[in-house]
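Printed here is start_35.cif (mmCIF, C-alpha atoms):
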data_upload
loop_
_atom_site.group_PDB
_atom_site.id
_atom_site.type_symbol
_atom_site.label_atom_id
_atom_site.label_comp_id
_atom_site.auth_asym_id
_atom_site.auth_seq_id
_atom_site.Cartn_x
_atom_site.Cartn_y
_atom_site.Cartn_z
ATOM 1 C CA MET X 217 -24.932 -9.494 57.963
ATOM 2 C CA ALA X 218 -28.479 -10.347 58.940
ATOM 3 C CA ASP X 219 -31.185 -7.715 59.518
ATOM 4 C CA ARG X 220 -34.432 -8.764 61.160
ATOM 5 C CA THR X 221 -37.394 -6.431 61.536
ATOM 6 C CA ALA X 222 -40.624 -6.390 63.520
ATOM 7 C CA ARG X 223 -43.538 -3.947 63.409
ATOM 8 C CA VAL X 224 -45.758 -3.139 66.371
ATOM 9 C CA THR X 225 -48.749 -0.818 66.772
ATOM 10 C CA TRP X 226 -50.348 0.494 69.954
ATOM 11 C CA GLN X 227 -53.748 2.068 70.482
ATOM 12 C CA GLY X 228 -55.019 3.766 73.621
ATOM 13 C CA SER X 229 -53.511 4.166 77.061
ATOM 14 C CA LEU X 230 -50.889 1.916 78.635
ATOM 15 C CA LEU X 231 -53.211 0.228 81.109
ATOM 16 C CA GLU X 232 -56.369 -0.037 79.032
ATOM 17 C CA GLY X 233 -54.995 0.073 75.498
ATOM 18 C CA ARG X 234 -53.601 -2.739 73.443
ATOM 19 C CA GLY X 235 -50.746 -3.371 71.106
ATOM 20 C CA THR X 236 -50.215 -5.742 68.234
ATOM 21 C CA ILE X 237 -47.018 -7.225 66.888
ATOM 22 C CA GLU X 238 -48.411 -6.734 63.382
ATOM 23 C CA SER X 239 -45.755 -8.501 61.371
ATOM 24 C CA VAL X 240 -42.145 -9.581 61.219
ATOM 25 C CA GLY X 241 -39.837 -9.542 58.224
ATOM 26 C CA SER X 242 -39.824 -13.310 57.834
ATOM 27 C CA GLY X 243 -43.606 -13.545 57.969
ATOM 28 C CA ALA X 244 -43.237 -16.324 60.560
ATOM 29 C CA PHE X 245 -45.636 -14.803 63.059
ATOM 30 C CA GLY X 246 -48.051 -11.972 63.651
ATOM 31 C CA PRO X 247 -50.369 -10.478 64.340
ATOM 32 C CA LEU X 248 -49.809 -11.209 68.055
ATOM 33 C CA GLU X 249 -51.617 -9.117 70.632
ATOM 34 C CA VAL X 250 -49.780 -7.589 73.607
ATOM 35 C CA THR X 251 -51.297 -5.713 76.548
ATOM 36 C CA TRP X 252 -49.864 -4.298 79.748
ATOM 37 C CA SER X 253 -51.996 -6.550 81.971
ATOM 38 C CA SER X 254 -50.923 -9.696 80.120
ATOM 39 C CA ARG X 255 -47.307 -8.540 80.409
ATOM 40 C CA ALA X 256 -47.400 -7.693 84.100
ATOM 41 C CA GLU X 257 -49.989 -10.198 85.345
ATOM 42 C CA GLU X 258 -51.322 -13.438 83.859
ATOM 43 C CA PRO X 259 -50.421 -13.917 80.170
ATOM 44 C CA GLU X 260 -53.899 -15.166 79.187
ATOM 45 C CA GLY X 261 -52.587 -16.438 75.887
ATOM 46 C CA ARG X 262 -50.715 -13.236 74.994
ATOM 47 C CA THR X 263 -46.981 -12.983 74.495
ATOM 48 C CA SER X 264 -44.817 -10.183 75.963
ATOM 49 C CA PRO X 265 -41.390 -8.650 75.368
ATOM 50 C CA GLU X 266 -39.974 -10.852 78.144
ATOM 51 C CA GLU X 267 -41.348 -14.040 76.591
ATOM 52 C CA LEU X 268 -39.934 -13.033 73.198
ATOM 53 C CA ILE X 269 -36.530 -12.449 74.802
ATOM 54 C CA ALA X 270 -36.776 -15.873 76.451
ATOM 55 C CA ALA X 271 -37.536 -17.403 73.038
ATOM 56 C CA ALA X 272 -34.627 -15.559 71.406
ATOM 57 C CA HIS X 273 -32.170 -16.619 74.086
ATOM 58 C CA ALA X 274 -33.272 -20.268 74.229
ATOM 59 C CA ALA X 275 -33.006 -20.526 70.447
ATOM 60 C CA CYS X 276 -29.643 -18.779 70.186
ATOM 61 C CA PHE X 277 -28.128 -20.819 73.018
ATOM 62 C CA SER X 278 -29.346 -24.087 71.490
ATOM 63 C CA MET X 279 -27.823 -23.268 68.109
ATOM 64 C CA ALA X 280 -24.497 -22.332 69.708
ATOM 65 C CA LEU X 281 -24.443 -25.508 71.793
ATOM 66 C CA SER X 282 -25.360 -27.689 68.820
ATOM 67 C CA HIS X 283 -22.567 -26.052 66.848
ATOM 68 C CA GLY X 284 -20.011 -26.442 69.640
ATOM 69 C CA LEU X 285 -20.829 -30.120 70.148
ATOM 70 C CA ALA X 286 -20.578 -30.826 66.414
ATOM 71 C CA GLN X 287 -17.222 -29.006 66.225
ATOM 72 C CA ALA X 288 -15.924 -31.185 69.058
ATOM 73 C CA GLY X 289 -16.875 -34.331 67.147
ATOM 74 C CA THR X 290 -19.859 -35.249 69.350
ATOM 75 C CA PRO X 291 -22.944 -33.877 67.589
ATOM 76 C CA ALA X 292 -26.148 -33.771 69.620
ATOM 77 C CA GLU X 293 -29.118 -35.888 68.655
ATOM 78 C CA ARG X 294 -31.514 -33.654 70.515
ATOM 79 C CA LEU X 295 -31.347 -30.615 72.766
ATOM 80 C CA GLU X 296 -34.229 -29.371 74.890
ATOM 81 C CA THR X 297 -33.703 -25.867 76.228
ATOM 82 C CA SER X 298 -35.842 -23.480 78.205
ATOM 83 C CA ALA X 299 -35.147 -19.858 79.080
ATOM 84 C CA THR X 300 -37.000 -18.134 81.892
ATOM 85 C CA VAL X 301 -36.820 -14.339 82.013
ATOM 86 C CA THR X 302 -37.590 -12.436 85.209
ATOM 87 C CA PHE X 303 -38.672 -8.823 84.824
ATOM 88 C CA VAL X 304 -39.163 -6.345 87.658
ATOM 89 C CA PRO X 305 -41.166 -3.258 86.557
ATOM 90 C CA GLY X 306 -39.142 -0.152 87.211
ATOM 91 C CA THR X 307 -35.910 -2.127 87.397
ATOM 92 C CA GLY X 308 -35.791 -4.167 84.208
ATOM 93 C CA ILE X 309 -34.785 -7.711 83.404
ATOM 94 C CA THR X 310 -33.014 -9.068 86.458
ATOM 95 C CA ARG X 311 -32.455 -12.711 85.542
ATOM 96 C CA VAL X 312 -32.391 -15.233 82.709
ATOM 97 C CA ALA X 313 -32.340 -18.907 83.692
ATOM 98 C CA LEU X 314 -31.256 -21.335 80.971
ATOM 99 C CA ARG X 315 -31.944 -25.042 81.369
ATOM 100 C CA VAL X 316 -30.815 -27.625 78.836
ATOM 101 C CA ARG X 317 -31.159 -31.389 78.569
ATOM 102 C CA GLY X 318 -29.194 -33.060 75.780
ATOM 103 C CA SER X 319 -28.985 -36.427 74.089
ATOM 104 C CA VAL X 320 -25.389 -36.607 72.904
ATOM 105 C CA PRO X 321 -23.984 -40.035 72.006
ATOM 106 C CA GLY X 322 -20.458 -40.643 73.290
ATOM 107 C CA LEU X 323 -20.272 -37.568 75.548
ATOM 108 C CA ASP X 324 -19.739 -37.563 79.321
ATOM 109 C CA PRO X 325 -21.622 -35.183 81.660
ATOM 110 C CA ALA X 326 -18.597 -32.990 82.424
ATOM 111 C CA ALA X 327 -17.867 -32.396 78.733
ATOM 112 C CA PHE X 328 -21.532 -31.568 78.130
ATOM 113 C CA ALA X 329 -21.539 -29.076 80.985
ATOM 114 C CA GLN X 330 -18.397 -27.481 79.588
ATOM 115 C CA ALA X 331 -19.870 -27.211 76.081
ATOM 116 C CA ALA X 332 -23.031 -25.665 77.548
ATOM 117 C CA GLU X 333 -21.003 -23.068 79.486
ATOM 118 C CA ALA X 334 -19.149 -22.155 76.295
ATOM 119 C CA ALA X 335 -22.454 -21.772 74.397
ATOM 120 C CA LYS X 336 -23.849 -19.579 77.167
ATOM 121 C CA ALA X 337 -20.775 -17.357 77.062
ATOM 122 C CA GLY X 338 -20.497 -17.157 73.294
ATOM 123 C CA CYS X 339 -23.952 -16.992 71.754
ATOM 124 C CA PRO X 340 -24.830 -13.587 70.261
ATOM 125 C CA VAL X 341 -27.976 -13.180 72.369
ATOM 126 C CA SER X 342 -26.019 -13.887 75.590
ATOM 127 C CA LYS X 343 -23.588 -11.172 74.540
ATOM 128 C CA ALA X 344 -26.438 -8.792 73.756
ATOM 129 C CA LEU X 345 -27.919 -9.515 77.197
ATOM 130 C CA ALA X 346 -24.574 -9.194 78.983
ATOM 131 C CA ALA X 347 -25.961 -6.354 81.118
ATOM 132 C CA VAL X 348 -28.533 -8.676 82.749
ATOM 133 C CA PRO X 349 -27.365 -9.037 86.376
ATOM 134 C CA GLU X 350 -27.797 -12.815 86.519
ATOM 135 C CA ILE X 351 -27.743 -15.438 83.756
ATOM 136 C CA THR X 352 -27.819 -18.963 85.171
ATOM 137 C CA LEU X 353 -27.319 -22.318 83.460
ATOM 138 C CA ASP X 354 -28.515 -25.775 84.421
ATOM 139 C CA ALA X 355 -27.068 -28.295 81.950
ATOM 140 C CA ALA X 356 -27.327 -32.087 82.058
ATOM 141 C CA LEU X 357 -27.427 -35.041 79.709
ATOM 142 C CA ALA X 358 -30.914 -36.435 79.213
ATOM 143 C CA MET J 66 -42.468 -4.555 92.869
ATOM 144 C CA PRO J 67 -43.876 -7.907 91.713
ATOM 145 C CA ARG J 68 -41.619 -10.112 89.678
ATOM 146 C CA ILE J 69 -42.841 -11.066 86.226
ATOM 147 C CA VAL J 70 -41.619 -14.409 84.915
ATOM 148 C CA ARG J 71 -41.903 -15.589 81.302
ATOM 149 C CA GLU J 72 -40.589 -18.808 79.824
ATOM 150 C CA ALA J 73 -39.928 -20.090 76.314
ATOM 151 C CA ASP J 74 -38.703 -23.499 75.212
ATOM 152 C CA ILE J 75 -36.902 -24.884 72.204
ATOM 153 C CA VAL J 76 -36.294 -28.443 71.061
ATOM 154 C CA TRP J 77 -33.393 -28.793 68.643
ATOM 155 C CA GLU J 78 -32.755 -31.942 66.644
ATOM 156 C CA GLY J 79 -29.729 -32.754 64.537
ATOM 157 C CA THR J 80 -26.639 -30.722 63.767
ATOM 158 C CA THR J 81 -26.603 -26.949 63.569
ATOM 159 C CA ALA J 82 -26.083 -26.893 59.831
ATOM 160 C CA ARG J 83 -28.787 -29.372 58.861
ATOM 161 C CA GLY J 84 -30.883 -29.649 61.992
ATOM 162 C CA SER J 85 -33.815 -27.534 63.027
ATOM 163 C CA GLY J 86 -35.639 -26.401 66.129
ATOM 164 C CA VAL J 87 -39.102 -25.359 67.212
ATOM 165 C CA VAL J 88 -39.312 -22.475 69.645
ATOM 166 C CA THR J 89 -42.443 -22.299 71.786
ATOM 167 C CA ALA J 90 -43.897 -19.535 73.949
ATOM 168 C CA PHE J 91 -44.365 -21.624 77.075
ATOM 169 C CA SER J 92 -45.915 -19.020 79.372
ATOM 170 C CA SER J 93 -48.572 -17.766 76.979
ATOM 171 C CA GLY J 94 -48.793 -20.461 74.319
ATOM 172 C CA ALA J 95 -48.931 -17.597 71.799
ATOM 173 C CA PHE J 96 -46.530 -19.181 69.288
ATOM 174 C CA ALA J 97 -44.598 -22.287 68.221
ATOM 175 C CA LEU J 98 -42.170 -21.515 65.417
ATOM 176 C CA PRO J 99 -39.591 -23.441 63.384
ATOM 177 C CA ILE J 100 -35.992 -22.170 63.332
ATOM 178 C CA THR J 101 -32.939 -23.180 61.298
ATOM 179 C CA ILE J 102 -29.414 -21.779 61.084
ATOM 180 C CA ALA J 103 -29.686 -21.211 57.323
ATOM 181 C CA SER J 104 -32.761 -19.032 57.768
ATOM 182 C CA ARG J 105 -31.082 -17.200 60.640
ATOM 183 C CA VAL J 106 -27.992 -16.034 58.787
ATOM 184 C CA GLY J 107 -29.313 -16.121 55.227
ATOM 185 C CA GLU J 108 -32.754 -15.536 53.759
ATOM 186 C CA PRO J 109 -35.488 -16.054 56.366
ATOM 187 C CA GLU J 110 -37.720 -18.063 54.018
ATOM 188 C CA GLY J 111 -40.680 -17.688 56.323
ATOM 189 C CA LYS J 112 -38.804 -18.720 59.479
ATOM 190 C CA THR J 113 -38.141 -16.561 62.492
ATOM 191 C CA SER J 114 -34.763 -16.244 64.258
ATOM 192 C CA PRO J 115 -33.414 -15.113 67.639
ATOM 193 C CA GLU J 116 -32.727 -11.677 66.144
ATOM 194 C CA GLU J 117 -36.288 -11.322 64.828
ATOM 195 C CA LEU J 118 -37.670 -12.327 68.237
ATOM 196 C CA LEU J 119 -35.451 -9.659 69.824
ATOM 197 C CA ALA J 120 -36.708 -7.102 67.285
ATOM 198 C CA ALA J 121 -40.294 -7.966 68.264
ATOM 199 C CA ALA J 122 -39.399 -7.736 71.971
ATOM 200 C CA HIS J 123 -37.711 -4.348 71.589
ATOM 201 C CA ALA J 124 -40.517 -2.898 69.444
ATOM 202 C CA ALA J 125 -43.170 -4.109 71.914
ATOM 203 C CA CYS J 126 -41.213 -2.813 74.921
ATOM 204 C CA PHE J 127 -40.502 0.569 73.315
ATOM 205 C CA VAL J 128 -44.090 1.149 72.214
ATOM 206 C CA THR J 129 -45.370 0.799 75.782
ATOM 207 C CA SER J 130 -42.675 3.193 77.066
ATOM 208 C CA LEU J 131 -43.556 5.753 74.403
ATOM 209 C CA GLY J 132 -47.277 5.462 75.179
ATOM 210 C CA SER J 133 -46.602 6.078 78.882
ATOM 211 C CA GLU J 134 -44.372 9.086 78.180
ATOM 212 C CA LEU J 135 -47.012 10.689 75.959
ATOM 213 C CA ALA J 136 -49.770 10.033 78.490
ATOM 214 C CA ARG J 137 -47.589 11.499 81.248
ATOM 215 C CA GLY J 138 -47.128 14.625 79.109
ATOM 216 C CA GLY J 139 -50.898 15.039 78.888
ATOM 217 C CA THR J 140 -51.122 13.942 75.233
ATOM 218 C CA PRO J 141 -52.098 10.263 75.184
ATOM 219 C CA PRO J 142 -51.564 8.731 71.731
ATOM 220 C CA GLU J 143 -54.397 7.662 69.494
ATOM 221 C CA ARG J 144 -52.161 5.252 67.657
ATOM 222 C CA LEU J 145 -48.441 4.446 67.681
ATOM 223 C CA ARG J 146 -46.469 2.370 65.212
ATOM 224 C CA VAL J 147 -42.968 1.173 65.996
ATOM 225 C CA ARG J 148 -40.593 -0.691 63.734
ATOM 226 C CA CYS J 149 -37.436 -2.283 65.102
ATOM 227 C CA THR J 150 -34.578 -3.717 63.068
ATOM 228 C CA ILE J 151 -31.920 -5.833 64.773
ATOM 229 C CA THR J 152 -28.662 -6.346 62.911
ATOM 230 C CA MET J 153 -26.300 -9.227 63.543
ATOM 231 C CA ASP J 154 -22.888 -9.006 61.928
ATOM 232 C CA GLU J 155 -19.731 -11.033 61.855
ATOM 233 C CA VAL J 156 -17.142 -9.093 63.822
ATOM 234 C CA GLU J 157 -13.540 -9.961 63.100
ATOM 235 C CA GLY J 158 -12.004 -12.064 65.826
ATOM 236 C CA VAL J 159 -15.277 -12.188 67.786
ATOM 237 C CA GLY J 160 -17.716 -14.015 65.528
ATOM 238 C CA HIS J 161 -21.400 -13.185 65.192
ATOM 239 C CA ARG J 162 -22.520 -10.240 67.294
ATOM 240 C CA ILE J 163 -25.699 -8.240 67.554
ATOM 241 C CA VAL J 164 -24.386 -4.826 66.581
ATOM 242 C CA SER J 165 -27.461 -2.616 66.484
ATOM 243 C CA SER J 166 -31.146 -2.136 67.164
ATOM 244 C CA ALA J 167 -32.800 0.616 65.126
ATOM 245 C CA ILE J 168 -36.182 1.907 66.280
ATOM 246 C CA SER J 169 -38.457 3.948 64.076
ATOM 247 C CA ALA J 170 -41.586 5.328 65.744
ATOM 248 C CA ARG J 171 -44.602 7.048 64.221
ATOM 249 C CA GLY J 172 -47.650 8.296 66.013
ATOM 250 C CA VAL J 173 -51.025 9.948 65.741
ATOM 251 C CA VAL J 174 -51.066 12.042 68.917
ATOM 252 C CA PRO J 175 -53.720 14.749 69.274
ATOM 253 C CA GLY J 176 -52.321 17.947 70.761
ATOM 254 C CA CYS J 177 -48.676 16.909 70.439
ATOM 255 C CA ASP J 178 -46.203 18.791 68.235
ATOM 256 C CA PRO J 179 -43.211 17.217 66.479
ATOM 257 C CA ALA J 180 -40.700 18.523 69.030
ATOM 258 C CA ALA J 181 -42.703 17.148 71.962
ATOM 259 C CA PHE J 182 -43.099 13.816 70.155
ATOM 260 C CA ALA J 183 -39.347 13.606 69.547
ATOM 261 C CA GLN J 184 -38.737 14.430 73.198
ATOM 262 C CA ALA J 185 -41.200 11.734 74.315
ATOM 263 C CA ALA J 186 -39.424 9.224 72.072
ATOM 264 C CA GLU J 187 -36.102 10.130 73.673
ATOM 265 C CA ALA J 188 -37.579 9.728 77.141
ATOM 266 C CA ALA J 189 -39.152 6.410 76.094
ATOM 267 C CA ASP J 190 -35.763 5.174 74.933
ATOM 268 C CA ALA J 191 -34.235 6.186 78.253
ATOM 269 C CA GLY J 192 -37.032 4.450 80.139
ATOM 270 C CA CYS J 193 -37.382 1.277 78.067
ATOM 271 C CA PRO J 194 -35.578 -1.524 79.943
ATOM 272 C CA PHE J 195 -34.772 -3.319 76.714
ATOM 273 C CA SER J 196 -33.108 -0.239 75.177
ATOM 274 C CA ALA J 197 -30.893 0.020 78.258
ATOM 275 C CA LEU J 198 -30.001 -3.644 78.066
ATOM 276 C CA ILE J 199 -29.046 -3.641 74.386
ATOM 277 C CA ARG J 200 -27.219 -0.328 74.612
ATOM 278 C CA ALA J 201 -24.669 -1.955 76.938
ATOM 279 C CA SER J 202 -23.314 -4.000 74.022
ATOM 280 C CA ALA J 203 -24.730 -2.562 70.769
ATOM 281 C CA ALA J 204 -25.902 0.677 69.153
ATOM 282 C CA VAL J 205 -29.519 1.688 69.775
ATOM 283 C CA THR J 206 -30.958 4.397 67.532
ATOM 284 C CA VAL J 207 -34.379 6.017 67.688
ATOM 285 C CA GLU J 208 -36.116 7.987 64.961
ATOM 286 C CA ALA J 209 -39.512 9.546 65.654
ATOM 287 C CA THR J 210 -42.031 11.094 63.256
ATOM 288 C CA LEU J 211 -45.417 12.524 64.094
ATOM 289 C CA ASP J 212 -48.195 11.557 61.669
ATOM 290 C CA THR J 213 -51.003 13.928 60.869
ATOM 291 C CA GLU J 214 -54.262 12.963 62.504
ATOM 292 C CA GLY J 215 -55.989 10.163 60.672
ATOM 293 C CA GLY J 216 -53.103 9.997 58.208
ATOM 294 C CA GLY J 217 -51.672 6.582 57.540
ATOM 295 C CA GLY J 218 -48.167 7.255 56.332
ATOM 296 C CA ALA J 219 -45.850 4.504 55.230
ATOM 297 C CA ASP J 220 -43.587 2.866 57.750
ATOM 298 C CA GLY J 221 -41.446 1.152 55.181
#

Now, as a test, write the supplied structure out as structure tokens.
Amino acid sequence: MADRTARVTWQGSLLEGRGTIESVGSGAFGPLEVTWSSRAEEPEGRTSPEELIAAAHAACFSMALSHGLAQAGTPAERLETSATVTFVPGTGITRVALRVRGSVPGLDPAAFAQAAEAAKAGCPVSKALAAVPEITLDAALA
Amino acid sequence: MPRIVREADIVWEGTTARGSGVVTAFSSGAFALPITIASRVGEPEGKTSPEELLAAAHAACFVTSLGSELARGGTPPERLRVRCTITMDEVEGVGHRIVSSAISARGVVPGCDPAAFAQAAEAADAGCPFSALIRASAAVTVEATLDTEGGGGADG
């Protein structure tokens, strides 16, 4: 079992106030500032819940794909993944678009696409985000 | 409503067991962080993980919902502190699953009593899009405590 914790503070109103992701259990990042305007408009160097979800999903998917390819006897040399999260205020997260390019010696494009689909279906973050209306995948060998 | 789009990237090299990745906040440039599987399922050893990033996302999303609820109730907060813990467990026959997200909220809120604060936290949970998302597949719990004005309190 793995527990991971983050601490956030907020001061002032939603529109004019500001928040800080003060620290995370691992110590890997923080403090990171978050504001409503940088969430809903231009980021201006500040992260947001949606960007953190994109980071979580891209990382989880990549680990699952790397694992699946290794299990099948064709380990990846390198995987480059991006996740793009679309958020509509008042509605929620409506879409996550995953895109992966892989360098995998000895693997054909169809097998790579299949492994990527399996990673998308099976990774814990995909399962946690199962209620997102649309999760798309664009997978190709580099 | 305008659509908000945020992107993050990861480059992974090598096998899952011995390889490693760097996850980058592409939209904002706010972070670039190393990730390994060992630090994800075992001791973090200074490295973040998908679950920690989700914990940060949920805490940041919840805190803005709570702030809005309190402001709507006529008692805007002076200061709010939210802690979120995401738990991933190995579920028999399913593999690793995110099983829970536990939120603990504390606030310095002039003019707000503990019952109203608890009610605002409940409403914030109902209104936070990330709570709704996670609740579809895992347990989401919320605990709310009002701090006395100016008091620090420990948030564990």

- prompt: If we count only C-alpha atoms, what is near Lys343 in chain X at a cut-off of 8 Å, once residues fewer than 6 positions away on the same chain are taken out, given as a list in words?
  reply: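 Here the qualifying residues turn out to be Ala337 of chain X; Arg162, Ile163 and Ser202 of chain J.
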
query: Expressed in Å to a single decimal, how great is the separation between CA of Glu116 in chain J and CA of Glu350 in chain X?
result: 21.0 Å

- request: Report as a ChimeraX atom specification the residues that result from applying the PyMOL selection byres ((chain J and resi 201) around 12) to the structure here.
  value: /X:343-348 /J:163-166,194-200,202-205

task: Name every residue that the PyMOL selection byres ((chain J and resi 141-152) around 6) selects in this structure, writing the answer as a count of residues only with chains first and numbers rising.
output: 29

task: Could you check which of X:Met217, X:Ala332, X:Pro265, X:Ser342 is closest to Phe127 in chain J, using all atoms listed in the file?
output: X:Pro265

field: Pairwise distance for CA of Ser264 in chain X and CA of Asp74 in chain J, rounded to one decimal in Å
entry: 14.7 Å
